[in-house]
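Have a look at the structure below before the remarks.
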Amino acid sequence: MQTFLVTGAAGFIGSHSVEWLLKQGVRVIGVDNLRTGRLENLVVAHTSPDFEWVNADAGDETAMRILFQQHRFAGVLHLAALVSVPESFHEPALNYRINLAAADSIARLCLEFDCKRLVFASSAAVYGVVASLPNRESDLPQPQSPYAAAKLAAEVMLLGYAASYGLEAVCLRYFNVYGLRQDPASPYSGVLSIFTDRFRHGLPVIVHGDGEQTRDFISVRDVARANGEVLTRGGVASGRYNVCTGRAISLNQVLAIYRELFPNTPPAEYAAARVGDIRHSLGDPGLLRNRLEFNAKIPFAQGLYELAHGEDKKSVVMA
Ligand SMILES: NC(=O)c1ccc[n+]([C@@H]2O[C@H](COP(=O)([O-])OP(=O)(O)OC[C@H]3O[C@@H](n4cnc5c(N)ncnc54)[C@H](O)[C@@H]3O)[C@@H](O)[C@H]2O)c1
């Protein structure tokens, strides 16, 4: 049985990715230091005898070396990160340590222990403000935050190791991931988890700007499948790949769907646009589709329904 290492396993994307991998019949070692992740996220994973949880800092090379010595990892999914863009402005040194140095350390351990494949959680944030959309992997990245800069620098390090030593380094640039287990309590959470929380409590949502700003929202279940397939199937050359749907959804469209799901909630309140918020974000999913035949499958309205009701049942028609 193959064994895979997942860092950031107790997080939002990590816990879904672990579950996807366990369903394929592989063994998973999940590492997390619970900085932003939660043990409750691993309840399902813990029902499998093939899952092992390790409380450790992914950037602690000594602790991680012990894991690499104990297991012969077939691949590593490195998700552990300082995930808040605003926090990266306040804590640039920590951002450097978690988002860049830890990725470098994990990559060198992969080389040392002959673990061929490293899948790295990058971000659409690396694109920054570009002249035209959709973002393509060939666009010149223009990071606008310490977070985005560290993600891009980690991509460069990993791809440098790929070219130098033959490591298979696949950097996945996620766009706006949404779904169950995204923490709405953080002011830096994804907009959909915050909206969902407000709707569930019968509170009006606050929209910054006119609501016509758009995002390429992708379900965490699609992202977990992309992570898992890239990790286990191989066949994707080292490089950078968008993980997105290629469809732009405005916040006003989101609200229209929510009004169907929660008809009795008060109308949204519109506030001033936030300084620095980008107006539109959209990715081109073509490269991963060509290399892996990967298509995001969850229709947005269905994903939103699952998020709103905390279950995977019926689908609703997109407004
Ligand atoms: N959610 C999104 O929309 C999105 C978009 C682009 C990129 N990403 C990237 O995806 C990855 C997962 O993000 P998420 O949304 O699931 O966030 P998350 O906060 O739920 O998950 C991150 C996990 O990493 C853990 N962690 C942080 N530092 C660690 C360390 N030093 N050692 C061990 N564990 C550590 C946290 O405790 C948490 O469980 C991150 O790399 C993030 O930058 C997420």
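Going by the structure tokens order, chains are called A, B, ..., each with residues numbered from 1, while ligands are numbered from 1 in the order shown.
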
Name the residues in contact with A:Gly211 at a cut-off of 9 Å, using only C-alpha atoms, excluding same-chain residues fewer than 4 positions from it; report them as a list of chain:residue names.
->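 In the requested format, the answer is A:Val207, A:Ser250, A:Leu251, A:Asn252, A:Gln253, A:Leu255, A:Tyr270.
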
Now that the selection is made, can you save its residues with N, CA and C atoms as a PDB file, in the first residue's frame?
ATOM      1  N   VAL A 207     -22.059  43.581   1.838  1.00  0.00           N
ATOM      2  CA  VAL A 207     -21.312  43.500   0.587  1.00  0.00           C
ATOM      3  C   VAL A 207     -20.476  44.765   0.466  1.00  0.00           C
ATOM      4  N   SER A 250     -20.546  36.693  -9.845  1.00  0.00           N
ATOM      5  CA  SER A 250     -20.536  37.943  -9.081  1.00  0.00           C
ATOM      6  C   SER A 250     -21.154  37.713  -7.702  1.00  0.00           C
ATOM      7  N   LEU A 251     -20.823  38.598  -6.770  1.00  0.00           N
ATOM      8  CA  LEU A 251     -21.410  38.466  -5.435  1.00  0.00           C
ATOM      9  C   LEU A 251     -22.926  38.648  -5.501  1.00  0.00           C
ATOM     10  N   ASN A 252     -23.400  39.488  -6.421  1.00  0.00           N
ATOM     11  CA  ASN A 252     -24.858  39.636  -6.545  1.00  0.00           C
ATOM     12  C   ASN A 252     -25.499  38.333  -7.025  1.00  0.00           C
ATOM     13  N   GLN A 253     -24.819  37.581  -7.879  1.00  0.00           N
ATOM     14  CA  GLN A 253     -25.341  36.259  -8.287  1.00  0.00           C
ATOM     15  C   GLN A 253     -25.379  35.308  -7.094  1.00  0.00           C
ATOM     16  N   LEU A 255     -25.778  36.166  -4.026  1.00  0.00           N
ATOM     17  CA  LEU A 255     -26.891  36.586  -3.165  1.00  0.00           C
ATOM     18  C   LEU A 255     -28.228  36.109  -3.720  1.00  0.00           C
ATOM     19  N   TYR A 270     -25.107  47.170   1.535  1.00  0.00           N
ATOM     20  CA  TYR A 270     -23.941  47.489   0.704  1.00  0.00           C
ATOM     21  C   TYR A 270     -23.103  48.560   1.404  1.00  0.00           C
TER      22      TYR A 270
END

For stretch 158-161 of chain A: contacts at 9 Å, only C-alpha atoms, fewer than 5 positions along chain excluded, given as a ChimeraX atom specification = /A:103-104,107-108,111,118,120,153,166-171,238-240

Find the residues of chain A that sit at most 8 Å from ligand 1; for each, write down the nearest two atoms and how far apart they are in Å, to one decimal. Count only C-alpha atoms and all ligand atoms. Sort by chain, then by number going up, and give it as JSON lines.
{"residue": "A:Thr7", "atom": "CA", "partner": "ligand 1", "partner_atom_place_in_ligand_line": "34 (N)", "distance": 5.9}
{"residue": "A:Gly8", "atom": "CA", "partner": "ligand 1", "partner_atom_place_in_ligand_line": "24 (O)", "distance": 3.4}
{"residue": "A:Ala9", "atom": "CA", "partner": "ligand 1", "partner_atom_place_in_ligand_line": "39 (O)", "distance": 5.8}
{"residue": "A:Ala10", "atom": "CA", "partner": "ligand 1", "partner_atom_place_in_ligand_line": "39 (O)", "distance": 4.2}
{"residue": "A:Gly11", "atom": "CA", "partner": "ligand 1", "partner_atom_place_in_ligand_line": "39 (O)", "distance": 3.2}
{"residue": "A:Phe12", "atom": "CA", "partner": "ligand 1", "partner_atom_place_in_ligand_line": "16 (O)", "distance": 3.7}
{"residue": "A:Ile13", "atom": "CA", "partner": "ligand 1", "partner_atom_place_in_ligand_line": "16 (O)", "distance": 3.7}
{"residue": "A:Gly14", "atom": "CA", "partner": "ligand 1", "partner_atom_place_in_ligand_line": "16 (O)", "distance": 5.5}
{"residue": "A:Ser15", "atom": "CA", "partner": "ligand 1", "partner_atom_place_in_ligand_line": "16 (O)", "distance": 7.8}
{"residue": "A:Val31", "atom": "CA", "partner": "ligand 1", "partner_atom_place_in_ligand_line": "33 (C)", "distance": 5.9}
{"residue": "A:Asp32", "atom": "CA", "partner": "ligand 1", "partner_atom_place_in_ligand_line": "34 (N)", "distance": 3.6}
{"residue": "A:Asn33", "atom": "CA", "partner": "ligand 1", "partner_atom_place_in_ligand_line": "33 (C)", "distance": 4.3}
{"residue": "A:Leu34", "atom": "CA", "partner": "ligand 1", "partner_atom_place_in_ligand_line": "37 (O)", "distance": 3.6}
{"residue": "A:Arg35", "atom": "CA", "partner": "ligand 1", "partner_atom_place_in_ligand_line": "37 (O)", "distance": 3.6}
{"residue": "A:Thr36", "atom": "CA", "partner": "ligand 1", "partner_atom_place_in_ligand_line": "37 (O)", "distance": 3.9}
{"residue": "A:Gly37", "atom": "CA", "partner": "ligand 1", "partner_atom_place_in_ligand_line": "39 (O)", "distance": 3.0}
{"residue": "A:Arg38", "atom": "CA", "partner": "ligand 1", "partner_atom_place_in_ligand_line": "39 (O)", "distance": 6.3}
{"residue": "A:Asn55", "atom": "CA", "partner": "ligand 1", "partner_atom_place_in_ligand_line": "33 (C)", "distance": 7.6}
{"residue": "A:Ala56", "atom": "CA", "partner": "ligand 1", "partner_atom_place_in_ligand_line": "33 (C)", "distance": 5.8}
{"residue": "A:Asp57", "atom": "CA", "partner": "ligand 1", "partner_atom_place_in_ligand_line": "32 (N)", "distance": 3.5}
{"residue": "A:Ala58", "atom": "CA", "partner": "ligand 1", "partner_atom_place_in_ligand_line": "32 (N)", "distance": 3.8}
{"residue": "A:Gly59", "atom": "CA", "partner": "ligand 1", "partner_atom_place_in_ligand_line": "31 (N)", "distance": 5.3}
{"residue": "A:Asp60", "atom": "CA", "partner": "ligand 1", "partner_atom_place_in_ligand_line": "31 (N)", "distance": 7.7}
{"residue": "A:His78", "atom": "CA", "partner": "ligand 1", "partner_atom_place_in_ligand_line": "41 (O)", "distance": 7.2}
{"residue": "A:Leu79", "atom": "CA", "partner": "ligand 1", "partner_atom_place_in_ligand_line": "41 (O)", "distance": 4.2}
{"residue": "A:Ala80", "atom": "CA", "partner": "ligand 1", "partner_atom_place_in_ligand_line": "24 (O)", "distance": 3.4}
{"residue": "A:Ala81", "atom": "CA", "partner": "ligand 1", "partner_atom_place_in_ligand_line": "27 (C)", "distance": 4.3}
{"residue": "A:Leu82", "atom": "CA", "partner": "ligand 1", "partner_atom_place_in_ligand_line": "27 (C)", "distance": 5.4}
{"residue": "A:Val83", "atom": "CA", "partner": "ligand 1", "partner_atom_place_in_ligand_line": "43 (O)", "distance": 4.5}
{"residue": "A:Ser84", "atom": "CA", "partner": "ligand 1", "partner_atom_place_in_ligand_line": "43 (O)", "distance": 7.7}
{"residue": "A:Ile98", "atom": "CA", "partner": "ligand 1", "partner_atom_place_in_ligand_line": "31 (N)", "distance": 5.3}
{"residue": "A:Asn99", "atom": "CA", "partner": "ligand 1", "partner_atom_place_in_ligand_line": "41 (O)", "distance": 7.6}
{"residue": "A:Ala102", "atom": "CA", "partner": "ligand 1", "partner_atom_place_in_ligand_line": "31 (N)", "distance": 7.1}
{"residue": "A:Phe120", "atom": "CA", "partner": "ligand 1", "partner_atom_place_in_ligand_line": "41 (O)", "distance": 7.6}
{"residue": "A:Ala121", "atom": "CA", "partner": "ligand 1", "partner_atom_place_in_ligand_line": "41 (O)", "distance": 4.7}
{"residue": "A:Ser122", "atom": "CA", "partner": "ligand 1", "partner_atom_place_in_ligand_line": "7 (C)", "distance": 5.3}
{"residue": "A:Ser123", "atom": "CA", "partner": "ligand 1", "partner_atom_place_in_ligand_line": "6 (C)", "distance": 3.9}
{"residue": "A:Ala124", "atom": "CA", "partner": "ligand 1", "partner_atom_place_in_ligand_line": "6 (C)", "distance": 6.1}
{"residue": "A:Ala125", "atom": "CA", "partner": "ligand 1", "partner_atom_place_in_ligand_line": "6 (C)", "distance": 7.1}
{"residue": "A:Lys151", "atom": "CA", "partner": "ligand 1", "partner_atom_place_in_ligand_line": "43 (O)", "distance": 7.7}
{"residue": "A:Arg173", "atom": "CA", "partner": "ligand 1", "partner_atom_place_in_ligand_line": "6 (C)", "distance": 6.4}
{"residue": "A:Tyr174", "atom": "CA", "partner": "ligand 1", "partner_atom_place_in_ligand_line": "6 (C)", "distance": 4.4}
{"residue": "A:Phe175", "atom": "CA", "partner": "ligand 1", "partner_atom_place_in_ligand_line": "5 (C)", "distance": 5.3}
{"residue": "A:Asn176", "atom": "CA", "partner": "ligand 1", "partner_atom_place_in_ligand_line": "3 (O)", "distance": 4.2}
{"residue": "A:Val177", "atom": "CA", "partner": "ligand 1", "partner_atom_place_in_ligand_line": "3 (O)", "distance": 3.7}
{"residue": "A:Tyr178", "atom": "CA", "partner": "ligand 1", "partner_atom_place_in_ligand_line": "3 (O)", "distance": 6.4}
{"residue": "A:Arg181", "atom": "CA", "partner": "ligand 1", "partner_atom_place_in_ligand_line": "20 (O)", "distance": 7.8}
{"residue": "A:Gln182", "atom": "CA", "partner": "ligand 1", "partner_atom_place_in_ligand_line": "20 (O)", "distance": 6.4}
{"residue": "A:Asp183", "atom": "CA", "partner": "ligand 1", "partner_atom_place_in_ligand_line": "20 (O)", "distance": 7.3}
{"residue": "A:Gly190", "atom": "CA", "partner": "ligand 1", "partner_atom_place_in_ligand_line": "3 (O)", "distance": 6.5}

If you run DSSP on the backbone, which residues of stretch 15-205 of chain A are alpha helix (DSSP H), as a ChimeraX atom specification?
-> /A:15-23,61-70,85-90,92-95,102-112,146-165,191-200

So which one's closest to A:Tyr147, A:Val119, A:Leu109, A:Leu100, A:Leu172? Using only C-alpha atoms, please.
-> A:Leu100

Near stretch 229-236 of chain A, within 9 Å and counting only C-alpha atoms, which residues show up once chain neighbours fewer than 5 positions away are dropped, as a list of chain:residue names?
->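 Contacts, in chain order: A:Phe4, A:Leu21, A:Ala74, A:Gly75, A:Val76, A:Leu77, A:Arg117, A:Leu118, A:Val119, A:Glu168, A:Val170, A:Ala224, A:Leu288, A:Arg291, A:Leu292, A:Phe294.
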
Between atom CA of A:Pro143 and atom CA of A:Leu282 - distance in Å to one decimal =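 Rounded to one decimal, the two atoms are 15.8 Å apart.
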
How far is it from atom CA of A:Ile298 to atom CA of A:Ile218, in Å with one decimal?
->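 Separating atom CA of A:Ile298 from atom CA of A:Ile218 is a distance of 8.0 Å.
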